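Visitor: Just work.cif, nothing more (mmCIF, C-alpha atoms and all ligand atoms):
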```cif
data_protein
loop_
_atom_site.label_atom_id
_atom_site.label_comp_id
_atom_site.auth_asym_id
_atom_site.auth_seq_id
_atom_site.Cartn_x
_atom_site.Cartn_y
_atom_site.Cartn_z
CA MET A 706 -4.53 27.46 0.38
CA GLN A 707 -2.83 24.55 2.13
CA ARG A 708 -0.16 22.83 0.08
CA ILE A 709 0.92 19.26 0.64
CA ILE A 710 3.51 17.02 -0.99
CA VAL A 711 2.55 13.44 -1.66
CA THR A 712 5.19 10.94 -2.82
CA GLY A 713 4.21 7.80 -4.73
CA GLY A 714 0.91 9.39 -5.77
CA CYS A 715 0.76 7.42 -9.04
CA GLY A 716 0.59 4.09 -7.18
CA PHE A 717 -2.44 2.32 -5.74
CA ILE A 718 -2.96 3.99 -2.35
CA GLY A 719 -1.29 7.29 -3.26
CA SER A 720 -3.58 7.87 -6.25
CA ASN A 721 -6.67 7.09 -4.16
CA PHE A 722 -5.36 9.51 -1.49
CA VAL A 723 -4.76 12.36 -3.97
CA ARG A 724 -8.20 11.89 -5.54
CA HIS A 725 -9.87 11.69 -2.11
CA LEU A 726 -8.24 14.90 -0.81
CA LEU A 727 -8.91 16.94 -3.95
CA ALA A 728 -12.54 15.80 -3.95
CA THR A 729 -13.16 16.57 -0.29
CA ASP A 730 -11.03 19.67 0.43
CA PRO A 731 -11.31 22.59 -2.04
CA GLY A 732 -8.70 24.51 -0.02
CA LEU A 733 -5.88 22.09 -0.75
CA ALA A 734 -3.17 21.97 -3.42
CA ILE A 735 -1.14 18.80 -3.95
CA VAL A 736 2.29 18.23 -5.47
CA ASN A 737 2.78 14.57 -6.38
CA ILE A 738 6.36 13.32 -6.63
CA ASP A 739 6.62 9.92 -8.32
CA LYS A 740 9.45 8.12 -10.09
CA LEU A 741 6.98 6.10 -12.20
CA THR A 742 8.44 2.68 -11.51
CA TYR A 743 6.64 -0.37 -12.90
CA ALA A 744 3.98 0.28 -10.21
CA GLY A 745 3.54 3.99 -10.90
CA ASN A 746 0.89 4.72 -13.48
CA PRO A 747 -0.06 8.32 -14.40
CA GLU A 748 -3.28 6.86 -15.84
CA ASN A 749 -4.39 6.34 -12.22
CA LEU A 750 -4.82 10.12 -11.91
CA ALA A 751 -5.83 10.95 -15.49
CA ASP A 752 -9.19 12.31 -14.28
CA ILE A 753 -7.61 15.00 -12.08
CA GLU A 754 -4.61 15.92 -14.28
CA SER A 755 -6.25 19.16 -15.39
CA ASP A 756 -7.20 20.25 -11.85
CA SER A 757 -5.22 23.46 -11.23
CA ARG A 758 -4.67 22.37 -7.61
CA TYR A 759 -2.69 19.32 -8.77
CA THR A 760 0.98 19.30 -9.88
CA PHE A 761 2.95 16.25 -10.94
CA ARG A 762 6.76 16.14 -10.60
CA GLN A 763 8.43 13.01 -11.95
CA GLY A 764 11.49 12.05 -9.93
CA ASP A 765 13.15 9.75 -7.43
CA ILE A 766 12.82 10.25 -3.66
CA CYS A 767 16.45 9.03 -3.40
CA ASP A 768 17.61 12.03 -5.46
CA ALA A 769 18.47 14.57 -2.73
CA ALA A 770 18.99 17.55 -5.07
CA PHE A 771 15.68 16.95 -6.86
CA ILE A 772 13.75 16.49 -3.60
CA ASP A 773 15.31 19.56 -2.01
CA GLY A 774 14.43 21.53 -5.16
CA VAL A 775 10.76 20.50 -5.10
CA LEU A 776 10.43 21.13 -1.37
CA GLY A 777 12.04 24.54 -1.88
CA GLU A 778 9.50 25.65 -4.50
CA GLY A 779 7.03 27.07 -1.98
CA PRO A 780 5.53 26.74 1.47
CA ILE A 781 4.47 23.23 2.45
CA ASP A 782 2.02 22.21 5.13
CA ALA A 783 2.77 18.48 5.09
CA VAL A 784 4.71 15.73 3.35
CA VAL A 785 3.01 12.33 3.09
CA ASN A 786 5.37 9.57 2.00
CA PHE A 787 3.72 6.71 0.11
CA ALA A 788 6.61 6.10 -2.30
CA ALA A 789 7.98 2.61 -1.84
CA GLU A 790 8.69 -0.73 -3.37
CA SER A 791 5.62 -2.47 -1.98
CA HIS A 792 5.45 -6.12 -3.07
CA VAL A 793 6.77 -8.81 -0.70
CA ASP A 794 7.40 -11.38 -3.46
CA ARG A 795 9.53 -8.93 -5.43
CA SER A 796 11.60 -8.21 -2.29
CA ILE A 797 12.33 -11.94 -2.07
CA LEU A 798 13.48 -12.01 -5.71
CA ASP A 799 15.65 -8.87 -5.30
CA SER A 800 15.85 -6.77 -2.14
CA GLY A 801 18.11 -4.05 -3.63
CA PRO A 802 15.42 -1.59 -4.81
CA PHE A 803 13.62 -1.99 -1.46
CA ILE A 804 16.68 -0.94 0.53
CA GLN A 805 17.27 1.97 -1.81
CA THR A 806 13.79 3.46 -2.09
CA ASN A 807 12.26 2.45 1.23
CA ILE A 808 15.25 3.29 3.45
CA VAL A 809 17.52 5.71 1.56
CA GLY A 810 14.53 7.47 -0.02
CA THR A 811 12.98 8.01 3.41
CA GLN A 812 16.23 9.40 4.78
CA VAL A 813 16.44 11.84 1.85
CA LEU A 814 12.87 13.02 2.47
CA LEU A 815 13.47 13.39 6.19
CA ASP A 816 16.57 15.52 5.65
CA ALA A 817 14.86 17.71 3.06
CA ALA A 818 11.76 18.13 5.25
CA ARG A 819 13.97 19.06 8.21
CA LYS A 820 15.94 21.56 6.18
CA ARG A 821 12.77 23.20 4.82
CA GLU A 822 11.11 23.10 8.27
CA VAL A 823 8.06 21.25 6.99
CA PRO A 824 5.61 21.30 9.92
CA ARG A 825 4.29 17.75 9.47
CA TYR A 826 5.63 14.55 7.92
CA VAL A 827 3.55 11.37 7.63
CA GLN A 828 5.30 8.06 6.96
CA VAL A 829 2.89 5.55 5.44
CA SER A 830 3.96 2.22 6.89
CA THR A 831 2.58 -1.26 7.26
CA ASP A 832 1.45 -3.80 9.83
CA GLU A 833 4.11 -6.14 8.41
CA VAL A 834 6.70 -4.38 10.60
CA TYR A 835 5.21 -6.33 13.54
CA GLY A 836 5.97 -9.72 11.98
CA SER A 837 3.46 -12.53 12.21
CA LEU A 838 0.71 -13.50 14.68
CA GLY A 839 -0.34 -17.00 15.72
CA ASP A 840 -4.01 -17.92 15.93
CA GLU A 841 -4.73 -15.40 18.69
CA GLY A 842 -4.12 -11.71 19.40
CA PHE A 843 -3.77 -8.44 17.52
CA PHE A 844 -0.99 -6.01 16.59
CA THR A 845 -1.10 -2.85 18.72
CA GLU A 846 1.22 0.15 18.38
CA GLU A 847 3.24 -1.38 21.25
CA THR A 848 3.82 -4.75 19.57
CA PRO A 849 7.60 -5.24 19.18
CA LEU A 850 8.93 -4.75 15.66
CA ALA A 851 9.87 -8.11 14.11
CA PRO A 852 9.83 -7.88 10.32
CA ASN A 853 10.21 -11.14 8.41
CA SER A 854 10.66 -10.20 4.73
CA PRO A 855 13.14 -7.87 3.03
CA TYR A 856 10.14 -5.64 2.24
CA SER A 857 8.99 -5.42 5.85
CA ALA A 858 12.56 -5.06 7.11
CA SER A 859 13.04 -2.06 4.80
CA LYS A 860 9.75 -0.50 5.96
CA THR A 861 10.74 -1.09 9.60
CA SER A 862 14.10 0.57 8.99
CA ALA A 863 12.30 3.59 7.56
CA ASP A 864 9.99 3.72 10.60
CA LEU A 865 13.00 3.63 12.89
CA LEU A 866 14.61 6.49 10.95
CA VAL A 867 11.44 8.57 11.39
CA ARG A 868 11.37 7.68 15.09
CA SER A 869 15.01 8.66 15.49
CA TYR A 870 14.47 12.03 13.75
CA CYS A 871 11.52 12.76 16.07
CA HIS A 872 13.62 11.84 19.09
CA THR A 873 16.87 13.55 18.09
CA PHE A 874 15.71 16.61 16.17
CA ASP A 875 12.16 17.19 17.47
CA PHE A 876 11.16 16.35 13.92
CA PRO A 877 7.36 16.52 13.35
CA GLY A 878 6.97 12.92 12.17
CA ILE A 879 3.94 10.64 12.45
CA ILE A 880 3.85 6.97 11.41
CA THR A 881 0.77 5.09 10.19
CA ARG A 882 0.68 1.28 9.95
CA CYS A 883 -2.08 -0.38 7.99
CA SER A 884 -3.20 -3.89 7.09
CA ASN A 885 -3.91 -5.24 3.57
CA ASN A 886 -5.64 -2.71 1.32
CA TYR A 887 -7.97 -3.53 -1.56
CA GLY A 888 -9.91 -1.37 -4.00
CA PRO A 889 -9.59 0.36 -7.40
CA TYR A 890 -6.22 0.95 -9.10
CA GLN A 891 -4.35 -1.82 -7.23
CA PHE A 892 -1.55 -3.27 -9.34
CA PRO A 893 -2.44 -6.82 -10.44
CA GLU A 894 0.53 -8.46 -8.70
CA LYS A 895 -1.23 -8.35 -5.31
CA LEU A 896 -3.61 -11.15 -4.32
CA LEU A 897 -7.00 -9.54 -4.96
CA PRO A 898 -6.45 -7.80 -8.31
CA LEU A 899 -4.31 -10.71 -9.54
CA PHE A 900 -7.00 -13.26 -8.73
CA ILE A 901 -9.91 -11.12 -9.95
CA SER A 902 -8.23 -10.43 -13.30
CA LYS A 903 -7.18 -14.05 -13.76
CA LEU A 904 -10.61 -15.43 -12.90
CA MET A 905 -12.24 -12.96 -15.27
CA ALA A 906 -10.10 -14.57 -18.00
CA ASP A 907 -10.96 -18.11 -16.77
CA GLU A 908 -7.32 -18.65 -15.75
CA SER A 909 -6.32 -20.61 -12.65
CA VAL A 910 -5.24 -18.75 -9.50
CA PRO A 911 -2.03 -19.60 -7.56
CA VAL A 912 -2.77 -20.04 -3.83
CA TYR A 913 0.47 -20.17 -1.82
CA GLY A 914 0.96 -23.15 0.53
CA ASP A 915 -2.24 -24.47 2.11
CA GLY A 916 -4.05 -21.14 1.77
CA LYS A 917 -4.56 -20.86 5.52
CA ASN A 918 -2.61 -17.60 5.95
CA VAL A 919 -4.82 -14.84 7.27
CA ARG A 920 -4.91 -11.19 6.20
CA ASP A 921 -6.98 -8.32 7.64
CA TRP A 922 -8.61 -6.52 4.68
CA ILE A 923 -9.35 -2.80 4.61
CA HIS A 924 -10.82 -0.74 1.79
CA VAL A 925 -8.26 1.72 0.41
CA LEU A 926 -10.59 4.70 1.06
CA ASP A 927 -10.78 3.81 4.75
CA HIS A 928 -6.97 3.75 4.80
CA CYS A 929 -6.84 7.13 3.01
CA ARG A 930 -9.28 8.64 5.52
CA GLY A 931 -7.04 7.30 8.31
CA ILE A 932 -3.90 8.84 6.82
CA GLU A 933 -5.76 12.13 6.38
CA ALA A 934 -6.88 12.03 10.04
CA ALA A 935 -3.29 11.31 11.15
CA MET A 936 -2.02 14.18 8.98
CA ARG A 937 -4.56 16.65 10.34
CA LYS A 938 -5.05 15.50 13.94
CA GLY A 939 -2.24 13.07 14.81
CA GLN A 940 0.20 13.79 17.61
CA ILE A 941 3.78 14.28 16.55
CA GLY A 942 6.00 11.29 17.33
CA GLU A 943 3.04 8.89 17.51
CA VAL A 944 2.20 5.72 15.61
CA TYR A 945 -1.36 4.92 14.48
CA ASN A 946 -2.54 1.48 13.35
CA PHE A 947 -5.34 1.11 10.80
CA GLY A 948 -7.15 -2.12 9.94
CA GLY A 949 -10.42 -3.27 8.48
CA LYS A 950 -11.51 -5.67 11.26
CA CYS A 951 -11.96 -8.20 8.50
CA GLU A 952 -9.74 -11.25 8.92
CA MET A 953 -9.93 -13.93 6.30
CA GLN A 954 -7.91 -16.99 5.29
CA ASN A 955 -6.59 -16.68 1.73
CA ILE A 956 -8.41 -19.83 0.68
CA ALA A 957 -11.73 -18.55 2.05
CA LEU A 958 -11.23 -15.29 0.16
CA THR A 959 -10.34 -17.21 -3.01
CA LYS A 960 -13.50 -19.31 -2.74
CA LEU A 961 -15.58 -16.17 -2.14
CA LEU A 962 -14.13 -14.64 -5.33
CA LEU A 963 -14.97 -17.81 -7.27
CA LYS A 964 -18.54 -17.60 -5.98
CA LEU A 965 -18.94 -13.90 -6.78
CA LEU A 966 -17.51 -14.38 -10.26
CA ASP A 967 -19.39 -17.63 -10.80
CA LYS A 968 -16.27 -19.70 -11.54
CA PRO A 969 -15.51 -23.36 -10.67
CA GLU A 970 -13.19 -24.42 -7.80
CA SER A 971 -11.11 -26.33 -10.35
CA LEU A 972 -9.49 -22.94 -11.12
CA ILE A 973 -7.63 -23.06 -7.77
CA THR A 974 -3.99 -24.18 -8.03
CA TYR A 975 -2.05 -24.69 -4.80
CA VAL A 976 1.56 -23.63 -5.45
CA LYS A 977 4.83 -23.67 -3.51
CA ASP A 978 4.60 -21.38 -0.49
CA ARG A 979 6.15 -17.91 -0.26
CA PRO A 980 9.47 -18.29 1.66
CA GLY A 981 9.04 -17.01 5.25
CA HIS A 982 5.31 -16.48 4.63
CA ASP A 983 3.76 -14.62 7.60
CA LEU A 984 0.86 -16.66 8.99
CA ARG A 985 -1.55 -14.04 10.24
CA TYR A 986 -2.01 -10.26 10.43
CA ALA A 987 -4.74 -8.67 12.53
CA ILE A 988 -4.85 -5.06 13.65
CA ASP A 989 -6.04 -3.46 16.85
CA CYS A 990 -6.98 0.04 15.62
CA SER A 991 -8.60 1.27 18.85
CA LYS A 992 -5.98 4.02 19.28
CA ALA A 993 -6.93 5.60 15.92
CA GLU A 994 -10.62 5.25 16.80
CA ARG A 995 -10.10 6.87 20.19
CA GLU A 996 -7.61 9.59 19.32
CA LEU A 997 -8.35 10.42 15.69
CA GLY A 998 -12.11 9.74 15.63
CA TRP A 999 -11.49 7.37 12.72
CA ALA A 1000 -13.27 4.09 12.00
CA PRO A 1001 -13.45 1.88 8.91
CA GLN A 1002 -16.67 2.67 7.03
CA VAL A 1003 -16.72 0.32 4.05
CA THR A 1004 -18.05 -3.18 4.72
CA PHE A 1005 -16.05 -5.96 3.07
CA GLU A 1006 -19.11 -7.18 1.18
CA GLU A 1007 -19.81 -3.76 -0.33
CA GLY A 1008 -16.10 -2.97 -0.94
CA LEU A 1009 -15.33 -6.29 -2.58
CA ASN A 1010 -18.35 -6.12 -4.88
CA ASP A 1011 -17.41 -2.57 -5.93
CA THR A 1012 -13.80 -3.64 -6.49
CA ILE A 1013 -14.84 -6.54 -8.71
CA LEU A 1014 -17.09 -4.20 -10.70
CA TRP A 1015 -14.20 -1.73 -11.05
CA TYR A 1016 -11.91 -4.41 -12.51
CA GLN A 1017 -14.70 -5.59 -14.82
CA ASP A 1018 -15.10 -1.99 -16.04
CA HIS A 1019 -11.34 -1.43 -16.42
CA THR A 1020 -10.12 -4.45 -18.37
CA ALA A 1021 -8.15 -2.14 -20.70
CA TRP A 1022 -6.29 -0.69 -17.66
CA VAL A 1023 -5.28 -4.22 -16.58
CA ASP A 1024 -4.42 -5.28 -20.15
CA ARG A 1025 -2.14 -2.27 -20.62
CA ILE A 1026 -0.26 -3.14 -17.40
CA LYS A 1027 0.03 -6.78 -18.35
CA SER A 1028 1.47 -5.89 -21.74
CA GLY A 1029 4.59 -4.32 -20.16
CA GLU A 1030 7.32 -5.47 -17.75
CA TYR A 1031 4.65 -7.38 -15.87
CA MET A 1032 4.85 -10.61 -17.89
CA LYS A 1033 8.59 -10.98 -17.21
CA TYR A 1034 7.93 -10.71 -13.47
CA TYR A 1035 4.96 -13.08 -13.68
CA GLU A 1036 7.05 -15.74 -15.40
CA GLN A 1037 9.87 -15.37 -12.85
CA GLN A 1038 7.51 -15.50 -9.86
CA TYR A 1039 5.01 -18.12 -11.02
CA GLY A 1040 6.51 -20.00 -14.01
CA GLU A 1041 8.21 -22.76 -11.99
CA ARG A 1042 5.67 -22.68 -9.17
CA MET A 1043 2.71 -23.34 -11.47
CA SER A 1044 4.48 -26.16 -13.34
CA GLU A 1045 5.54 -27.89 -10.07
CA THR A 1046 1.95 -28.69 -9.06
P1 LIG B 1 2.40 0.81 -5.12
O1 LIG B 1 3.50 -0.15 -5.38
O2 LIG B 1 1.10 0.62 -5.79
O3 LIG B 1 2.89 2.30 -5.44
C1 LIG B 1 4.16 2.78 -5.10
C2 LIG B 1 4.37 4.11 -5.82
O4 LIG B 1 5.64 4.64 -5.41
C3 LIG B 1 4.42 3.98 -7.34
O5 LIG B 1 3.67 5.02 -7.94
C4 LIG B 1 5.90 4.13 -7.67
O6 LIG B 1 6.15 4.66 -8.96
C5 LIG B 1 6.35 5.06 -6.56
N1 LIG B 1 7.80 4.93 -6.30
C6 LIG B 1 8.49 3.79 -6.09
N2 LIG B 1 9.79 4.07 -5.88
C7 LIG B 1 9.92 5.43 -5.95
C8 LIG B 1 11.00 6.33 -5.81
N3 LIG B 1 12.24 5.87 -5.58
N4 LIG B 1 10.77 7.64 -5.93
C9 LIG B 1 9.51 8.11 -6.18
N5 LIG B 1 8.46 7.31 -6.34
C10 LIG B 1 8.65 5.98 -6.23
O7 LIG B 1 2.23 0.81 -3.52
P2 LIG B 1 0.91 0.93 -2.64
O8 LIG B 1 0.31 -0.41 -2.47
O9 LIG B 1 0.11 2.06 -3.14
O10 LIG B 1 1.58 1.33 -1.23
C11 LIG B 1 1.85 2.70 -0.93
C12 LIG B 1 2.49 2.78 0.44
O11 LIG B 1 1.62 2.19 1.42
C13 LIG B 1 3.81 1.98 0.54
O12 LIG B 1 4.69 2.73 1.34
C14 LIG B 1 3.42 0.69 1.24
O13 LIG B 1 4.49 0.19 1.99
C15 LIG B 1 2.30 1.18 2.16
N6 LIG B 1 1.28 0.19 2.50
C16 LIG B 1 0.66 -0.56 1.53
C17 LIG B 1 -0.36 -1.44 1.90
C18 LIG B 1 -1.09 -2.27 0.85
O14 LIG B 1 -1.90 -3.12 1.22
N7 LIG B 1 -0.88 -2.05 -0.43
C19 LIG B 1 -0.72 -1.58 3.24
C20 LIG B 1 -0.05 -0.82 4.21
C21 LIG B 1 0.94 0.08 3.82
O1 LIG B 2 -0.28 -6.01 5.38
C1 LIG B 2 0.04 -4.89 4.59
C2 LIG B 2 0.82 -5.34 3.37
O2 LIG B 2 -0.13 -6.01 2.54
C3 LIG B 2 1.47 -4.19 2.63
O3 LIG B 2 2.45 -3.62 3.45
C4 LIG B 2 2.09 -4.67 1.32
O4 LIG B 2 2.59 -3.57 0.59
C5 LIG B 2 1.03 -5.38 0.51
O5 LIG B 2 1.60 -5.91 -0.67
C6 LIG B 2 0.38 -6.50 1.32
O6 LIG B 2 1.31 -7.57 1.57
P1 LIG B 2 0.88 -9.12 1.45
O7 LIG B 2 2.08 -9.92 1.19
O8 LIG B 2 0.01 -9.52 2.59
O9 LIG B 2 -0.07 -9.00 0.14
P2 LIG B 2 -0.22 -9.94 -1.16
O10 LIG B 2 -1.39 -9.43 -1.91
O11 LIG B 2 1.07 -10.12 -1.87
O12 LIG B 2 -0.61 -11.35 -0.52
C7 LIG B 2 -1.76 -11.50 0.30
C8 LIG B 2 -1.79 -12.95 0.77
O13 LIG B 2 -2.06 -13.80 -0.36
C9 LIG B 2 -0.48 -13.44 1.36
O14 LIG B 2 -0.76 -14.36 2.42
C10 LIG B 2 0.19 -14.18 0.19
C11 LIG B 2 -1.00 -14.74 -0.58
N1 LIG B 2 -0.81 -14.87 -2.04
C12 LIG B 2 -0.38 -13.76 -2.72
C13 LIG B 2 -0.18 -13.82 -4.08
C14 LIG B 2 0.32 -12.61 -4.84
C15 LIG B 2 -1.13 -16.04 -2.70
O15 LIG B 2 -1.56 -17.03 -2.07
N2 LIG B 2 -0.91 -16.10 -4.06
C16 LIG B 2 -0.46 -15.04 -4.77
O16 LIG B 2 -0.28 -15.18 -6.01
#
```
Please re-express this file's structure in structure tokens.
Guide:
Amino acid sequence: MQRIIVTGGCGFIGSNFVRHLLATDPGLAIVNIDKLTYAGNPENLADIESDSRYTFRQGDICDAAFIDGVLGEGPIDAVVNFAAESHVDRSILDSGPFIQTNIVGTQVLLDAARKREVPRYVQVSTDEVYGSLGDEGFFTEETPLAPNSPYSASKTSADLLVRSYCHTFDFPGIITRCSNNYGPYQFPEKLLPLFISKLMADESVPVYGDGKNVRDWIHVLDHCRGIEAAMRKGQIGEVYNFGGKCEMQNIALTKLLLKLLDKPESLITYVKDRPGHDLRYAIDCSKAERELGWAPQVTFEEGLNDTILWYQDHTAWVDRIKSGEYMKYYEQQYGERMSET
């Protein structure tokens, strides 16, 4: 049986990845290492907890002794690193945890994987490392790195560490860079789950600036299939971009949500812009299509409808999150912004 280590498996994309692999590959065992930060929720994997192929180890990827211990427990076929601080707005409020987890944590994993001679390491990165596009063009794997937020700078630093280990030590690293994910189990601080859950409660939604920033939306399962393809078929030392070929201005997406949820446009509140807000992301994923045989499969219409249904069916999941640390963050991030308008 193949055995892989996933970090950050209790978060949004990691939990979808673990569920996807266990459902599609009976010959796979997974060890999930997660610190359970505010974003890590064991409930996201409650349905597979009793699967004998799944093991959960709570801990911090920055803790070298712990990581070395887990990697030393048995043979490993791959490490896939999802664990990160992932929200741009939080990195603007406090960049410290981003530097620690995203950079130091990656270095700890790289050293442990090297020491244990893990044959494959996948670093799950983001299109935000490329900075921002104007009205034209796409990010390719050759686009120069130009991160604009503390979050994207920390992810870029991690990518450069992986690159340097491949170059210096012949380390078997692969980097994936993806655009904005949406789908089930996404923490309601990100645009789509935040807006869906607020509109369901007839609350107004905070659109940053003029709402004309563009994001390229991809369903989380398409991203997971891409990471799996990179893990199984990717060339060592290479970078693979993934995107949904679905660009949309934030305001157009907001109005689409209002329509799908049958809510009035009076629920839109334009608020002070995110500092340094990247204008546009758009991914050229032709390399992954060509070399990995991957392509996005979920149409935005189908994926968005399913996602809305998921949040409508999981109001208790959202309510439990919102009853914790979440409200303190929400007040800090939006309190002043909402009252300024
Ligand atoms: P998330 O915030 O939902 O989950 C992050 C997970 O990592 C949580 O379970 C958290 O507990 C865990 N974690 C955080 N710090 C840790 C630490 N020090 N040690 C161990 N575990 C820790 O994030 P997500 O949206 O699922 O993103 C997962 C990865 O994908 C991140 O690396 C992110 O940069 C990348 N990514 C995200 C998107 C997106 O649209 N969400 C797009 C491209 C790439
Ligand atoms: O592109 C990939 C990245 O996508 C990932 O690397 C990040 O982990 C992920 O969080 C996401 O980053 P964004 O900053 O693009 O996602 P977010 O959902 O925070 O915001 C999407 C857009 O919506 C962005 O232009 C900011 C805007 N926005 C966001 C929030 C939370 C609003 O207008 N209002 C809001 O309240």
Visitor: Could you work out how far atom O3 of ligand LIG 1 (chain B) lies from CA of Leu972 (chain A), giving the answer in Å with one decimal?
Guide: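 Answer for the CA of Leu972 (chain A) to atom O3 of ligand LIG 1 (chain B) separation: 28.7 Å.
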Visitor: Atom O6 of ligand LIG 1 (chain B) to CA of Asn786 (chain A): how many Å, to one decimal?
Guide: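 We find that atom O6 of ligand LIG 1 (chain B) and CA of Asn786 (chain A) lie 12.0 Å from each other.
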Visitor: With ligand LIG 2 (chain B) as the partner and 6 Å as the cut-off, tabulate the residues of chain A that qualify, each row holding the nearest pair of atoms and their distance in Å to one decimal, using all atoms listed in the file, sorted by chain and rising number, as a tab-separated table.
Guide:
```
residue	atom	partner	partner_atom	distance
A:Ser791	CA	B:LIG2	O4	4.1
A:His792	CA	B:LIG2	O5	4.5
A:Val793	CA	B:LIG2	O7	5.2
A:Thr831	CA	B:LIG2	O3	4.5
A:Asp832	CA	B:LIG2	O1	5.3
A:Glu833	CA	B:LIG2	O1	5.3
A:Ser884	CA	B:LIG2	O1	4.0
A:Asn885	CA	B:LIG2	O2	4.0
A:Glu894	CA	B:LIG2	C14	5.7
A:Lys895	CA	B:LIG2	O10	3.6
A:Leu896	CA	B:LIG2	O10	3.7
A:Pro911	CA	B:LIG2	O16	5.0
A:Val912	CA	B:LIG2	O15	3.7
A:Tyr913	CA	B:LIG2	O15	3.7
A:Asn918	CA	B:LIG2	O14	5.1
A:Asn955	CA	B:LIG2	O13	5.8
```
Visitor: What does the distance from atom C19 of ligand LIG 1 (chain B) to CA of Leu815 (chain A) come to in Å, to one decimal?
Guide: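 Going from atom C19 of ligand LIG 1 (chain B) over to CA of Leu815 (chain A) covers 20.8 Å.
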Visitor: Counting all atoms listed in the file, which residue out of A:Asn886, A:Ser971, A:Leu965, A:Met706 sits closest to Asp730 (chain A)?
Guide: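 Of A:Asn886, A:Ser971, A:Leu965, A:Met706, the one nearest Asp730 (chain A) is A:Met706, counting all atoms listed in the file.
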Visitor: Here is a test: counting all atoms listed in the file, which residue of A:Ser830, A:Thr712, A:Gln954, A:Gln940 is nearest to Asp915 (chain A)?
Guide: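 That would be A:Gln954, the residue with the smallest distance to Asp915 (chain A).
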Visitor: Pick out the residues no farther than 8 Å from ligand LIG 1 (chain B), counting all atoms listed in the file, and list them as a CSV table (one decimal) with C-alpha atoms, in the frame of the given file.
Guide:
```
chain,number,residue,atom,x,y,z
A,712,THR,CA,5.2,10.9,-2.8
A,713,GLY,CA,4.2,7.8,-4.7
A,714,GLY,CA,0.9,9.4,-5.8
A,715,CYS,CA,0.8,7.4,-9.0
A,716,GLY,CA,0.6,4.1,-7.2
A,717,PHE,CA,-2.4,2.3,-5.7
A,718,ILE,CA,-3.0,4.0,-2.4
A,719,GLY,CA,-1.3,7.3,-3.3
A,720,SER,CA,-3.6,7.9,-6.2
A,738,ILE,CA,6.4,13.3,-6.6
A,739,ASP,CA,6.6,9.9,-8.3
A,740,LYS,CA,9.4,8.1,-10.1
A,741,LEU,CA,7.0,6.1,-12.2
A,742,THR,CA,8.4,2.7,-11.5
A,743,TYR,CA,6.6,-0.4,-12.9
A,744,ALA,CA,4.0,0.3,-10.2
A,745,GLY,CA,3.5,4.0,-10.9
A,746,ASN,CA,0.9,4.7,-13.5
A,763,GLN,CA,8.4,13.0,-12.0
A,764,GLY,CA,11.5,12.0,-9.9
A,765,ASP,CA,13.2,9.8,-7.4
A,766,ILE,CA,12.8,10.2,-3.7
A,767,CYS,CA,16.4,9.0,-3.4
A,786,ASN,CA,5.4,9.6,2.0
A,787,PHE,CA,3.7,6.7,0.1
A,788,ALA,CA,6.6,6.1,-2.3
A,789,ALA,CA,8.0,2.6,-1.8
A,790,GLU,CA,8.7,-0.7,-3.4
A,791,SER,CA,5.6,-2.5,-2.0
A,792,HIS,CA,5.4,-6.1,-3.1
A,805,GLN,CA,17.3,2.0,-1.8
A,806,THR,CA,13.8,3.5,-2.1
A,807,ASN,CA,12.3,2.4,1.2
A,810,GLY,CA,14.5,7.5,0.0
A,828,GLN,CA,5.3,8.1,7.0
A,829,VAL,CA,2.9,5.6,5.4
A,830,SER,CA,4.0,2.2,6.9
A,831,THR,CA,2.6,-1.3,7.3
A,832,ASP,CA,1.4,-3.8,9.8
A,833,GLU,CA,4.1,-6.1,8.4
A,860,LYS,CA,9.8,-0.5,6.0
A,882,ARG,CA,0.7,1.3,10.0
A,883,CYS,CA,-2.1,-0.4,8.0
A,884,SER,CA,-3.2,-3.9,7.1
A,885,ASN,CA,-3.9,-5.2,3.6
A,886,ASN,CA,-5.6,-2.7,1.3
A,887,TYR,CA,-8.0,-3.5,-1.6
A,891,GLN,CA,-4.4,-1.8,-7.2
A,892,PHE,CA,-1.6,-3.3,-9.3
A,895,LYS,CA,-1.2,-8.4,-5.3
```
Visitor: At a cut-off of 12 Å, can you tabulate as a tab-separated table every residue of region 808-909 of chain A near region 1010-1022 of chain A together with its closest atom pair and the distance in Å to one decimal, using all atoms listed in the file and ordering rows by chain then number?
Guide:
```
residue	atom	partner	partner_atom	distance
A:Asn886	CA	A:Thr1012	CA	11.3
A:Tyr887	CA	A:Thr1012	CA	7.6
A:Gly888	CA	A:Thr1012	CA	5.1
A:Pro889	CA	A:Thr1012	CA	5.9
A:Tyr890	CA	A:Tyr1016	CA	8.5
A:Gln891	CA	A:Tyr1016	CA	9.6
A:Phe892	CA	A:Trp1022	CA	9.9
A:Pro893	CA	A:Tyr1016	CA	10.0
A:Leu897	CA	A:Thr1012	CA	9.1
A:Pro898	CA	A:Tyr1016	CA	7.7
A:Leu899	CA	A:Tyr1016	CA	10.3
A:Phe900	CA	A:Ile1013	CA	10.3
A:Ile901	CA	A:Ile1013	CA	6.8
A:Ser902	CA	A:Tyr1016	CA	7.1
A:Lys903	CA	A:Tyr1016	CA	10.8
A:Leu904	CA	A:Ile1013	CA	10.7
A:Met905	CA	A:Gln1017	CA	7.8
A:Ala906	CA	A:Thr1020	CA	10.1
```
Visitor: Name the closest residue to Cys990 (chain A) among the candidates A:Tyr835, A:Tyr945, A:Tyr1031, A:Tyr975; distances are taken between atoms, counting only C-alpha atoms.
Guide: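 For Cys990 (chain A), the nearest of the candidates is A:Tyr945.
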Visitor: With distances taken over only C-alpha atoms, which residue among A:Ala851, A:Leu997, A:Ile1026, A:Val785 lies nearest Pro747 (chain A)?
Guide: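 Closest to Pro747 (chain A), using only C-alpha atoms: A:Ile1026.
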